[in-house]
file query12.txt (compact mmCIF, C-alpha atoms and all ligand atoms)
# COMPACT_ATOMS: atom_id res chain seq x y z
CA MET A 1 63.60 -132.74 -75.98
CA ALA A 2 64.38 -135.49 -78.47
CA ALA A 3 66.50 -133.21 -80.59
CA SER A 4 67.28 -134.95 -83.82
CA THR A 5 70.94 -135.55 -84.47
CA ARG A 6 70.23 -135.34 -88.18
CA HIS A 7 71.19 -132.21 -90.00
CA ALA A 8 68.35 -129.81 -89.20
CA PRO A 9 67.57 -127.03 -91.66
CA VAL A 10 68.61 -123.62 -90.38
CA VAL A 11 65.20 -122.15 -91.15
CA GLU A 12 62.05 -123.96 -92.15
CA ALA A 13 58.64 -122.61 -93.03
CA ARG A 14 55.69 -125.00 -92.88
CA CYS A 15 52.37 -124.06 -94.47
CA LEU A 16 53.06 -120.45 -93.65
CA THR A 17 50.10 -118.14 -94.20
CA LYS A 18 49.62 -114.51 -93.25
CA ILE A 19 46.24 -112.87 -93.70
CA ILE A 20 45.39 -109.33 -92.69
CA GLU A 21 41.75 -108.67 -91.88
CA GLU A 22 40.98 -104.99 -92.15
CA GLU A 23 38.35 -103.36 -94.38
CA VAL A 24 39.36 -106.00 -96.87
CA ARG A 25 40.89 -109.37 -96.28
CA THR A 26 44.40 -109.49 -97.73
CA THR A 27 46.48 -112.62 -98.03
CA LEU A 28 50.13 -111.57 -97.85
CA VAL A 29 51.66 -115.03 -97.79
CA HIS A 30 49.82 -118.21 -98.65
CA ASP A 31 50.76 -121.74 -97.66
CA ILE A 32 54.51 -121.43 -98.07
CA ASP A 33 56.79 -124.39 -97.44
CA LEU A 34 60.47 -123.60 -97.53
CA VAL A 35 63.59 -125.30 -96.18
CA ILE A 36 66.80 -123.29 -95.91
CA GLU A 37 69.98 -125.22 -95.24
CA ARG A 38 73.21 -123.99 -93.71
CA GLY A 39 75.45 -122.29 -96.24
CA GLU A 40 72.65 -121.51 -98.67
CA PHE A 41 72.55 -118.20 -100.49
CA MET A 42 68.95 -117.67 -101.50
CA ALA A 43 67.39 -114.83 -103.41
CA ILE A 44 63.65 -114.18 -103.14
CA THR A 45 62.25 -112.18 -106.03
CA GLY A 46 58.82 -111.34 -107.33
CA PRO A 47 56.68 -108.39 -108.37
CA SER A 48 56.07 -105.52 -105.99
CA GLY A 49 53.40 -106.57 -103.50
CA SER A 50 53.99 -110.29 -104.01
CA GLY A 51 54.71 -110.84 -100.31
CA LYS A 52 58.52 -110.88 -100.27
CA SER A 53 58.94 -108.60 -97.27
CA SER A 54 56.04 -110.26 -95.47
CA LEU A 55 57.68 -113.66 -95.90
CA LEU A 56 61.05 -112.37 -94.75
CA TYR A 57 59.53 -110.82 -91.61
CA LEU A 58 57.78 -114.08 -90.82
CA LEU A 59 61.00 -116.05 -91.27
CA GLY A 60 62.80 -113.53 -89.05
CA LEU A 61 60.19 -113.66 -86.27
CA LEU A 62 59.41 -109.98 -86.75
CA ASP A 63 55.85 -110.95 -87.54
CA LEU A 64 53.56 -113.82 -86.55
CA PRO A 65 51.81 -116.02 -89.11
CA THR A 66 48.05 -116.45 -89.18
CA SER A 67 48.73 -120.16 -89.50
CA GLY A 68 51.72 -122.38 -90.10
CA GLU A 69 55.05 -122.53 -88.39
CA VAL A 70 58.59 -121.18 -88.61
CA LEU A 71 61.29 -123.45 -87.23
CA LEU A 72 64.76 -122.16 -86.41
CA ASP A 73 67.38 -124.86 -86.16
CA GLY A 74 64.54 -127.38 -85.90
CA ARG A 75 62.81 -125.54 -83.08
CA ALA A 76 59.20 -124.41 -83.49
CA THR A 77 58.68 -120.73 -82.70
CA SER A 78 54.94 -120.02 -82.83
CA ALA A 79 54.29 -120.85 -79.17
CA LEU A 80 57.00 -118.52 -77.87
CA ASP A 81 55.96 -115.34 -76.10
CA GLU A 82 57.15 -111.94 -77.31
CA ALA A 83 60.14 -111.80 -74.96
CA GLU A 84 61.30 -115.26 -76.03
CA ARG A 85 60.90 -114.34 -79.67
CA ALA A 86 62.86 -111.15 -79.18
CA ARG A 87 65.65 -113.07 -77.50
CA LEU A 88 65.72 -115.70 -80.24
CA ARG A 89 65.79 -112.95 -82.89
CA LEU A 90 68.71 -111.27 -81.19
CA GLU A 91 70.77 -114.44 -80.96
CA SER A 92 69.75 -116.21 -84.18
CA ILE A 93 68.80 -113.72 -86.89
CA GLY A 94 70.78 -110.98 -88.56
CA PHE A 95 68.78 -108.33 -90.41
CA VAL A 96 69.81 -106.00 -93.18
CA PHE A 97 67.24 -103.60 -94.62
CA GLN A 98 67.13 -101.23 -97.56
CA PHE A 99 68.03 -98.41 -95.19
CA HIS A 100 70.97 -99.04 -92.93
CA PHE A 101 69.32 -97.98 -89.63
CA LEU A 102 72.70 -97.22 -88.07
CA LEU A 103 72.64 -94.89 -85.07
CA PRO A 104 74.00 -91.57 -86.35
CA GLU A 105 75.72 -90.52 -83.11
CA PHE A 106 77.66 -93.78 -82.83
CA SER A 107 80.78 -94.84 -84.67
CA ALA A 108 80.73 -97.79 -87.05
CA LEU A 109 82.46 -99.81 -84.33
CA GLU A 110 79.85 -98.89 -81.71
CA ASN A 111 77.03 -99.68 -84.12
CA VAL A 112 78.42 -103.16 -84.74
CA LYS A 113 78.78 -103.74 -81.00
CA LEU A 114 75.14 -102.86 -80.21
CA PRO A 115 73.64 -106.33 -80.78
CA MET A 116 76.45 -107.87 -78.71
CA ARG A 117 75.78 -105.45 -75.87
CA ALA A 118 72.10 -106.29 -76.04
CA LEU A 119 72.80 -110.02 -75.88
CA GLY A 120 75.40 -109.63 -73.14
CA ARG A 121 77.38 -112.80 -73.81
CA ARG A 122 80.72 -111.22 -74.59
CA SER A 123 82.87 -109.07 -72.37
CA PRO A 124 83.44 -105.48 -73.56
CA ALA A 125 86.93 -106.46 -74.76
CA GLU A 126 85.53 -109.41 -76.71
CA GLN A 127 82.83 -107.18 -78.21
CA ASP A 128 85.47 -104.75 -79.34
CA GLU A 129 87.61 -107.48 -80.86
CA ARG A 130 84.66 -109.09 -82.65
CA ALA A 131 83.39 -105.76 -84.02
CA ARG A 132 86.85 -104.90 -85.38
CA GLU A 133 87.16 -108.33 -86.92
CA LEU A 134 83.78 -107.98 -88.66
CA LEU A 135 84.52 -104.49 -89.94
CA GLY A 136 87.82 -105.82 -91.28
CA LEU A 137 86.01 -108.65 -93.00
CA LEU A 138 83.70 -106.13 -94.65
CA GLY A 139 86.66 -104.06 -95.84
CA LEU A 140 86.09 -101.27 -93.33
CA ALA A 141 89.04 -101.66 -90.97
CA ASP A 142 90.11 -98.06 -91.58
CA HIS A 143 86.63 -96.65 -91.02
CA SER A 144 85.68 -98.12 -87.66
CA HIS A 145 85.91 -94.79 -85.82
CA LYS A 146 83.72 -92.92 -88.32
CA ARG A 147 80.10 -92.08 -87.82
CA PRO A 148 77.55 -93.11 -90.46
CA GLY A 149 77.42 -89.54 -91.78
CA GLN A 150 81.11 -89.75 -92.65
CA LEU A 151 80.67 -92.91 -94.71
CA SER A 152 79.37 -93.52 -98.23
CA GLY A 153 76.07 -95.32 -98.79
CA GLY A 154 77.84 -98.55 -99.67
CA GLN A 155 80.10 -98.32 -96.63
CA ARG A 156 77.12 -97.72 -94.36
CA GLN A 157 75.38 -100.77 -95.76
CA ARG A 158 78.54 -102.83 -95.17
CA VAL A 159 78.55 -101.63 -91.54
CA ALA A 160 74.94 -102.82 -91.35
CA ILE A 161 76.04 -106.21 -92.69
CA ALA A 162 78.82 -106.37 -90.09
CA ARG A 163 76.25 -105.53 -87.40
CA SER A 164 73.93 -108.27 -88.69
CA LEU A 165 76.72 -110.79 -88.09
CA ALA A 166 77.61 -109.56 -84.62
CA ASN A 167 75.93 -112.34 -82.66
CA ASP A 168 76.95 -115.03 -85.13
CA PRO A 169 73.35 -115.59 -86.32
CA LEU A 170 71.99 -118.76 -87.89
CA VAL A 171 70.85 -116.74 -90.87
CA VAL A 172 71.12 -113.24 -92.29
CA LEU A 173 67.87 -111.94 -93.78
CA ALA A 174 68.21 -108.94 -96.08
CA ASP A 175 65.30 -106.97 -97.56
CA GLU A 176 66.33 -105.06 -100.70
CA PRO A 177 69.84 -104.47 -99.33
CA THR A 178 71.00 -102.75 -102.52
CA GLY A 179 67.73 -100.92 -103.14
CA ASN A 180 69.19 -97.60 -102.09
CA LEU A 181 72.67 -97.95 -103.63
CA ASP A 182 74.30 -97.05 -106.93
CA THR A 183 75.64 -99.78 -109.19
CA HIS A 184 79.19 -99.72 -107.84
CA ALA A 185 78.13 -99.85 -104.19
CA SER A 186 75.59 -102.57 -105.01
CA GLU A 187 78.35 -104.61 -106.61
CA GLN A 188 80.45 -104.35 -103.45
CA VAL A 189 77.55 -105.36 -101.23
CA ILE A 190 76.74 -108.33 -103.47
CA ALA A 191 80.41 -109.39 -103.41
CA MET A 192 80.36 -109.24 -99.61
CA PHE A 193 77.34 -111.53 -99.34
CA ARG A 194 78.96 -113.91 -101.81
CA LYS A 195 82.16 -113.93 -99.75
CA LEU A 196 80.26 -114.59 -96.53
CA VAL A 197 78.72 -117.67 -98.10
CA ASP A 198 81.79 -118.95 -99.93
CA GLU A 199 84.41 -118.35 -97.29
CA MET A 200 82.45 -118.52 -94.06
CA ASN A 201 79.56 -120.83 -94.87
CA ARG A 202 77.06 -118.21 -93.74
CA THR A 203 73.38 -118.66 -94.60
CA ILE A 204 71.96 -115.68 -96.46
CA VAL A 205 68.44 -114.92 -97.68
CA ILE A 206 68.00 -111.81 -99.77
CA VAL A 207 64.82 -110.21 -101.03
CA THR A 208 65.58 -108.26 -104.15
CA HIS A 209 64.24 -107.11 -107.46
CA ASP A 210 67.84 -106.54 -108.58
CA MET A 211 68.47 -109.39 -111.01
CA ALA A 212 72.24 -108.83 -110.84
CA LEU A 213 72.00 -109.68 -107.17
CA ALA A 214 69.52 -112.54 -107.61
CA ASP A 215 71.77 -114.12 -110.23
CA ARG A 216 74.68 -114.20 -107.79
CA ALA A 217 72.71 -116.31 -105.34
CA ASP A 218 72.73 -120.10 -105.51
CA ARG A 219 69.00 -120.54 -105.20
CA HIS A 220 66.23 -118.39 -106.55
CA VAL A 221 62.72 -118.46 -105.13
CA ARG A 222 60.15 -116.43 -107.00
CA LEU A 223 56.95 -115.31 -105.31
CA VAL A 224 53.75 -114.32 -107.03
CA ASP A 225 50.62 -113.37 -105.08
CA GLY A 226 52.10 -114.64 -101.81
CA GLN A 227 52.94 -118.08 -103.18
CA ILE A 228 56.09 -119.71 -104.47
CA GLU A 229 55.92 -119.71 -108.23
CA SER A 230 59.34 -121.25 -108.77
CA ASP A 231 62.26 -122.46 -106.71
CA GLY A 232 65.48 -123.43 -108.41
CA GLU A 233 69.18 -122.94 -108.78
CA GLY A 234 70.33 -119.43 -109.64
CA GLU A 235 72.55 -118.51 -112.53
CA HIS A 236 75.46 -118.53 -110.17
CA ALA A 237 77.22 -121.83 -109.62
CA THR A 238 80.70 -121.07 -108.35
CA THR A 239 82.89 -118.03 -108.09
CA PRO A 240 86.48 -118.08 -109.28
CA GLN A 241 87.49 -116.30 -106.07
CA SER A 242 85.98 -118.87 -103.75
CA ILE A 243 88.41 -120.36 -101.32
CA PRO A 244 88.03 -124.12 -100.96
CA SER A 245 87.43 -125.18 -97.38
N1 LIG B 301 50.05 -104.37 -92.73
C1 LIG B 301 49.47 -104.56 -93.92
N2 LIG B 301 48.13 -104.36 -94.08
C2 LIG B 301 47.53 -104.55 -95.27
N3 LIG B 301 48.17 -104.94 -96.37
C3 LIG B 301 49.49 -105.12 -96.29
C4 LIG B 301 50.21 -104.95 -95.07
N4 LIG B 301 51.52 -105.21 -95.31
C5 LIG B 301 51.60 -105.54 -96.60
N5 LIG B 301 50.40 -105.48 -97.20
C6 LIG B 301 50.09 -105.82 -98.60
O1 LIG B 301 50.48 -107.17 -98.76
C7 LIG B 301 51.07 -107.37 -100.01
C8 LIG B 301 52.47 -107.92 -99.86
O2 LIG B 301 53.31 -106.91 -99.31
P1 LIG B 301 54.88 -107.05 -99.18
O3 LIG B 301 55.19 -108.29 -98.45
O4 LIG B 301 55.39 -105.78 -98.63
O5 LIG B 301 55.31 -107.23 -100.72
P2 LIG B 301 56.71 -107.04 -101.43
O6 LIG B 301 57.78 -106.95 -100.38
O7 LIG B 301 56.83 -108.24 -102.31
O8 LIG B 301 56.60 -105.79 -102.26
C9 LIG B 301 51.00 -106.03 -100.73
O9 LIG B 301 49.86 -106.03 -101.54
C10 LIG B 301 50.88 -105.05 -99.59
O10 LIG B 301 50.21 -103.88 -100.01
MG MG B 302 59.09 -105.45 -99.88

call {"tool": "encode", "arguments": {"input": "query12.txt", "output": "structure tokens"}}
result
Amino acid sequence: MAASTRHAPVVEARCLTKIIEEEVRTTLVHDIDLVIERGEFMAITGPSGSGKSSLLYLLGLLDLPTSGEVLLDGRATSALDEAERARLRLESIGFVFQFHFLLPEFSALENVKLPMRALGRRSPAEQDERARELLGLLGLADHSHKRPGQLSGGQRQRVAIARSLANDPLVVLADEPTGNLDTHASEQVIAMFRKLVDEMNRTIVIVTHDMALADRADRHVRLVDGQIESDGEGEHATTPQSIPS
């Protein structure tokens, strides 16, 4: 229980390896060490099949490594049982995927409330207030009553981003979040992630092959064959719009 008072990384991967043994043995992720600090905006790129999604799912506790460890806020996760992992995911990780996965029969507001209902920490009134606040932050205040089918692709993805933030996660993990969007909608989604980092000190990790998006991140990790080929600062340094804290 000797929790360090030093600044713990938000997410840390130690010697993370994932091997699938089927007809052939496939190494998806090999010996990855990665430290993600609070407020980082990281892009993970690499060729198709290089292990980007596999790594993201391991970091997000959606998958278990063959060996190695993922630490969230300094806490090791590999010994947790499935229920504990699910709970930790719900309270600590926000996910955004290429497809929005919003429930079609629910309004944007209801969709954003779902993770809060599942966690059960906020009263219904607080859930409502938080969901409205998040939709406002994502520029969707006037669309909260609409169902996904009444929204554009970019708006739906912004609802998904609002939902990912519902339980105030340690980190938002996004897998090709602009992969299904046109240029204009992609631009808006990228700007939203940038704003979340600059104005709210959120921690964001994005898998993308969209270089326009990768260049807007502060750190760029490139994977090849399941290993980190390079890890450095992105093109982006500061944004003129950033609000000093
Ligand atoms: N469940 C699985 N079984 C076998 N091979 C898999 C499985 N999931 C992914 N792969 C393979 O592992 C490699 C990495 O996949 P993935 O992480 O999805 O790559 P990326 O997201 O970079 O395109 C690919 O060659 C893929 O075909
Ligand atoms: Mg992928």

call {"tool": "residues_around", "arguments": {"input": "query12.txt", "residues": "Pro148 (chain A)", "least_positions_apart": "5", "cutoff": "9 Å", "atoms": "only C-alpha atoms", "output": "list in words"}}
result
Leu102, Leu103, Pro104, Glu105, Phe106, Ser107, Ala108, Gly153, Gln155, Arg156 and Val159 of chain A

call {"tool": "residues_near_ligand", "arguments": {"input": "query12.txt", "ligand": "ligand MG 302 (chain B)", "cutoff": "9 Å", "atoms": "all atoms listed in the file", "output": "mmCIF file with C-alpha atoms, in the coordinates of the input"}}
result
data_model
loop_
_atom_site.group_PDB
_atom_site.id
_atom_site.type_symbol
_atom_site.label_atom_id
_atom_site.label_comp_id
_atom_site.auth_asym_id
_atom_site.auth_seq_id
_atom_site.Cartn_x
_atom_site.Cartn_y
_atom_site.Cartn_z
ATOM 1 C CA SER A 48 56.070 -105.520 -105.990
ATOM 2 C CA GLY A 49 53.400 -106.570 -103.500
ATOM 3 C CA SER A 50 53.990 -110.290 -104.010
ATOM 4 C CA GLY A 51 54.710 -110.840 -100.310
ATOM 5 C CA LYS A 52 58.520 -110.880 -100.270
ATOM 6 C CA SER A 53 58.940 -108.600 -97.270
ATOM 7 C CA SER A 54 56.040 -110.260 -95.470
ATOM 8 C CA LEU A 56 61.050 -112.370 -94.750
ATOM 9 C CA ASP A 175 65.300 -106.970 -97.560
ATOM 10 C CA GLU A 176 66.330 -105.060 -100.700
ATOM 11 C CA VAL A 207 64.820 -110.210 -101.030
ATOM 12 C CA THR A 208 65.580 -108.260 -104.150
#

call {"tool": "residues_near_ligand", "arguments": {"input": "query12.txt", "ligand": "ligand LIG 301 (chain B)", "cutoff": "12 Å", "atoms": "all atoms listed in the file", "output": "VMD selection string"}}
result
chain A and resid 17 to 30 44 to 58 63 to 64 97 to 98 174 to 176 179 206 to 209 222 to 228

call {"tool": "closest_residue", "arguments": {"input": "query12.txt", "among": "A:Val189, A:Ala131, A:Ile32, A:Ala8", "to": "Val221 (chain A)", "atoms": "all atoms listed in the file"}}
result
A:Ile32

call {"tool": "closest_residue", "arguments": {"input": "query12.txt", "among": "A:Asp231, A:Leu151, A:Ala141, A:Ala79", "to": "Asp33 (chain A)", "atoms": "all atoms listed in the file"}}
result
A:Asp231

call {"tool": "residues_around", "arguments": {"input": "query12.txt", "residues": "Arg89 (chain A)", "least_positions_apart": "4", "cutoff": "12 Å", "atoms": "all atoms listed in the file", "output": "PDB file with C-alpha atoms, in the coordinates of the input"}}
result
ATOM      1  CA  TYR A  57      59.530-110.820 -91.610  1.00  0.00           C
ATOM      2  CA  LEU A  58      57.780-114.080 -90.820  1.00  0.00           C
ATOM      3  CA  LEU A  59      61.000-116.050 -91.270  1.00  0.00           C
ATOM      4  CA  GLY A  60      62.800-113.530 -89.050  1.00  0.00           C
ATOM      5  CA  LEU A  61      60.190-113.660 -86.270  1.00  0.00           C
ATOM      6  CA  LEU A  62      59.410-109.980 -86.750  1.00  0.00           C
ATOM      7  CA  ASP A  63      55.850-110.950 -87.540  1.00  0.00           C
ATOM      8  CA  LEU A  72      64.760-122.160 -86.410  1.00  0.00           C
ATOM      9  CA  THR A  77      58.680-120.730 -82.700  1.00  0.00           C
ATOM     10  CA  LEU A  80      57.000-118.520 -77.870  1.00  0.00           C
ATOM     11  CA  GLU A  82      57.150-111.940 -77.310  1.00  0.00           C
ATOM     12  CA  ALA A  83      60.140-111.800 -74.960  1.00  0.00           C
ATOM     13  CA  GLU A  84      61.300-115.260 -76.030  1.00  0.00           C
ATOM     14  CA  ARG A  85      60.900-114.340 -79.670  1.00  0.00           C
ATOM     15  CA  ILE A  93      68.800-113.720 -86.890  1.00  0.00           C
ATOM     16  CA  GLY A  94      70.780-110.980 -88.560  1.00  0.00           C
ATOM     17  CA  PHE A  95      68.780-108.330 -90.410  1.00  0.00           C
ATOM     18  CA  PRO A 115      73.640-106.330 -80.780  1.00  0.00           C
ATOM     19  CA  ALA A 118      72.100-106.290 -76.040  1.00  0.00           C
ATOM     20  CA  LEU A 119      72.800-110.020 -75.880  1.00  0.00           C
ATOM     21  CA  SER A 164      73.930-108.270 -88.690  1.00  0.00           C
ATOM     22  CA  ASN A 167      75.930-112.340 -82.660  1.00  0.00           C
ATOM     23  CA  ASP A 168      76.950-115.030 -85.130  1.00  0.00           C
ATOM     24  CA  PRO A 169      73.350-115.590 -86.320  1.00  0.00           C
ATOM     25  CA  LEU A 170      71.990-118.760 -87.890  1.00  0.00           C
ATOM     26  CA  VAL A 171      70.850-116.740 -90.870  1.00  0.00           C
ATOM     27  CA  VAL A 172      71.120-113.240 -92.290  1.00  0.00           C
ATOM     28  CA  LEU A 173      67.870-111.940 -93.780  1.00  0.00           C
TER      29      LEU A 173
END

call {"tool": "residues_around", "arguments": {"input": "query12.txt", "residues": "Phe193 (chain A)", "least_positions_apart": "3", "cutoff": "9 Å", "atoms": "only C-alpha atoms", "output": "MDAnalysis selection string"}}
result
chainID A and resid 41 161 188:190 196:198 202 204 217

call {"tool": "atom_distance", "arguments": {"input": "query12.txt", "atom1": "CA of Thr178 (chain A)", "atom2": "CA of Leu88 (chain A)"}}
result
26.3 Å

call {"tool": "atom_distance", "arguments": {"input": "query12.txt", "atom1": "CA of Arg132 (chain A)", "atom2": "CA of Met42 (chain A)"}}
result
27.3 Å

call {"tool": "atom_distance", "arguments": {"input": "query12.txt", "atom1": "CA of Arg130 (chain A)", "atom2": "CA of Ala166 (chain A)"}}
result
7.3 Å

call {"tool": "residues_near_point", "arguments": {"input": "query12.txt", "point": "(65.6, -126.3, -93.6)", "cutoff": "12 Å", "atoms": "all atoms listed in the file", "output": "PyMOL selection string"}}
result
chain A and resi 6-14+33-40+59+70-75+170-171+203

call {"tool": "closest_residue", "arguments": {"input": "query12.txt", "among": "A:Leu181, A:Leu109, A:Ser186, A:Ala160", "to": "His143 (chain A)", "atoms": "all atoms listed in the file"}}
result
A:Leu109

call {"tool": "decode", "arguments": {"input": "query12.txt", "residues": "region 128-152 of chain A", "atoms": "N, CA and C atoms", "output": "PDB file, in the first residue's frame"}}
result
ATOM      1  N   ASP A 128     -27.274  14.192 -15.409  1.00  0.00           N
ATOM      2  CA  ASP A 128     -27.863  15.062 -16.421  1.00  0.00           C
ATOM      3  C   ASP A 128     -27.023  16.326 -16.605  1.00  0.00           C
ATOM      4  N   GLU A 129     -26.633  16.902 -15.488  1.00  0.00           N
ATOM      5  CA  GLU A 129     -25.853  18.135 -15.528  1.00  0.00           C
ATOM      6  C   GLU A 129     -24.499  17.901 -16.203  1.00  0.00           C
ATOM      7  N   ARG A 130     -23.847  16.809 -15.818  1.00  0.00           N
ATOM      8  CA  ARG A 130     -22.535  16.477 -16.381  1.00  0.00           C
ATOM      9  C   ARG A 130     -22.639  16.193 -17.885  1.00  0.00           C
ATOM     10  N   ALA A 131     -23.655  15.445 -18.286  1.00  0.00           N
ATOM     11  CA  ALA A 131     -23.813  15.117 -19.708  1.00  0.00           C
ATOM     12  C   ALA A 131     -24.054  16.389 -20.522  1.00  0.00           C
ATOM     13  N   ARG A 132     -24.853  17.308 -19.992  1.00  0.00           N
ATOM     14  CA  ARG A 132     -25.102  18.574 -20.715  1.00  0.00           C
ATOM     15  C   ARG A 132     -23.833  19.410 -20.813  1.00  0.00           C
ATOM     16  N   GLU A 133     -23.089  19.410 -19.729  1.00  0.00           N
ATOM     17  CA  GLU A 133     -21.828  20.150 -19.701  1.00  0.00           C
ATOM     18  C   GLU A 133     -20.864  19.597 -20.775  1.00  0.00           C
ATOM     19  N   LEU A 134     -20.762  18.272 -20.841  1.00  0.00           N
ATOM     20  CA  LEU A 134     -19.845  17.655 -21.806  1.00  0.00           C
ATOM     21  C   LEU A 134     -20.303  17.904 -23.243  1.00  0.00           C
ATOM     22  N   LEU A 135     -21.591  17.787 -23.481  1.00  0.00           N
ATOM     23  CA  LEU A 135     -22.079  18.051 -24.840  1.00  0.00           C
ATOM     24  C   LEU A 135     -21.838  19.510 -25.212  1.00  0.00           C
ATOM     25  N   GLY A 136     -21.978  20.410 -24.249  1.00  0.00           N
ATOM     26  CA  GLY A 136     -21.675  21.820 -24.490  1.00  0.00           C
ATOM     27  C   GLY A 136     -20.207  22.012 -24.843  1.00  0.00           C
ATOM     28  N   LEU A 137     -19.364  21.342 -24.107  1.00  0.00           N
ATOM     29  CA  LEU A 137     -17.920  21.413 -24.343  1.00  0.00           C
ATOM     30  C   LEU A 137     -17.571  20.942 -25.754  1.00  0.00           C
ATOM     31  N   LEU A 138     -18.286  19.947 -26.229  1.00  0.00           N
ATOM     32  CA  LEU A 138     -18.036  19.395 -27.555  1.00  0.00           C
ATOM     33  C   LEU A 138     -18.818  20.140 -28.646  1.00  0.00           C
ATOM     34  N   GLY A 139     -19.425  21.259 -28.283  1.00  0.00           N
ATOM     35  CA  GLY A 139     -20.127  22.077 -29.269  1.00  0.00           C
ATOM     36  C   GLY A 139     -21.465  21.510 -29.693  1.00  0.00           C
ATOM     37  N   LEU A 140     -22.089  20.733 -28.807  1.00  0.00           N
ATOM     38  CA  LEU A 140     -23.326  20.039 -29.176  1.00  0.00           C
ATOM     39  C   LEU A 140     -24.495  20.391 -28.261  1.00  0.00           C
ATOM     40  N   ALA A 141     -24.406  21.548 -27.610  1.00  0.00           N
ATOM     41  CA  ALA A 141     -25.448  21.922 -26.645  1.00  0.00           C
ATOM     42  C   ALA A 141     -26.844  21.900 -27.270  1.00  0.00           C
ATOM     43  N   ASP A 142     -26.927  22.281 -28.536  1.00  0.00           N
ATOM     44  CA  ASP A 142     -28.247  22.352 -29.181  1.00  0.00           C
ATOM     45  C   ASP A 142     -28.705  21.010 -29.751  1.00  0.00           C
ATOM     46  N   HIS A 143     -27.921  19.977 -29.573  1.00  0.00           N
ATOM     47  CA  HIS A 143     -28.240  18.688 -30.201  1.00  0.00           C
ATOM     48  C   HIS A 143     -28.471  17.575 -29.183  1.00  0.00           C
ATOM     49  N   SER A 144     -28.532  17.943 -27.914  1.00  0.00           N
ATOM     50  CA  SER A 144     -28.538  16.907 -26.872  1.00  0.00           C
ATOM     51  C   SER A 144     -29.767  16.000 -26.943  1.00  0.00           C
ATOM     52  N   HIS A 145     -30.864  16.518 -27.447  1.00  0.00           N
ATOM     53  CA  HIS A 145     -32.106  15.730 -27.503  1.00  0.00           C
ATOM     54  C   HIS A 145     -32.173  14.834 -28.734  1.00  0.00           C
ATOM     55  N   LYS A 146     -31.244  15.012 -29.681  1.00  0.00           N
ATOM     56  CA  LYS A 146     -31.326  14.271 -30.946  1.00  0.00           C
ATOM     57  C   LYS A 146     -30.773  12.861 -30.806  1.00  0.00           C
ATOM     58  N   ARG A 147     -31.340  11.979 -31.601  1.00  0.00           N
ATOM     59  CA  ARG A 147     -30.803  10.628 -31.682  1.00  0.00           C
ATOM     60  C   ARG A 147     -29.650  10.603 -32.677  1.00  0.00           C
ATOM     61  N   PRO A 148     -28.780   9.582 -32.569  1.00  0.00           N
ATOM     62  CA  PRO A 148     -27.632   9.510 -33.479  1.00  0.00           C
ATOM     63  C   PRO A 148     -28.011   9.654 -34.957  1.00  0.00           C
ATOM     64  N   GLY A 149     -29.142   9.057 -35.340  1.00  0.00           N
ATOM     65  CA  GLY A 149     -29.565   9.122 -36.735  1.00  0.00           C
ATOM     66  C   GLY A 149     -29.884  10.524 -37.224  1.00  0.00           C
ATOM     67  N   GLN A 150     -30.086  11.440 -36.283  1.00  0.00           N
ATOM     68  CA  GLN A 150     -30.401  12.830 -36.664  1.00  0.00           C
ATOM     69  C   GLN A 150     -29.150  13.714 -36.665  1.00  0.00           C
ATOM     70  N   LEU A 151     -28.000  13.089 -36.407  1.00  0.00           N
ATOM     71  CA  LEU A 151     -26.758  13.859 -36.332  1.00  0.00           C
ATOM     72  C   LEU A 151     -25.840  13.501 -37.503  1.00  0.00           C
ATOM     73  N   SER A 152     -24.937  14.403 -37.839  1.00  0.00           N
ATOM     74  CA  SER A 152     -23.929  14.115 -38.866  1.00  0.00           C
ATOM     75  C   SER A 152     -22.871  13.177 -38.282  1.00  0.00           C
TER      76      SER A 152
END
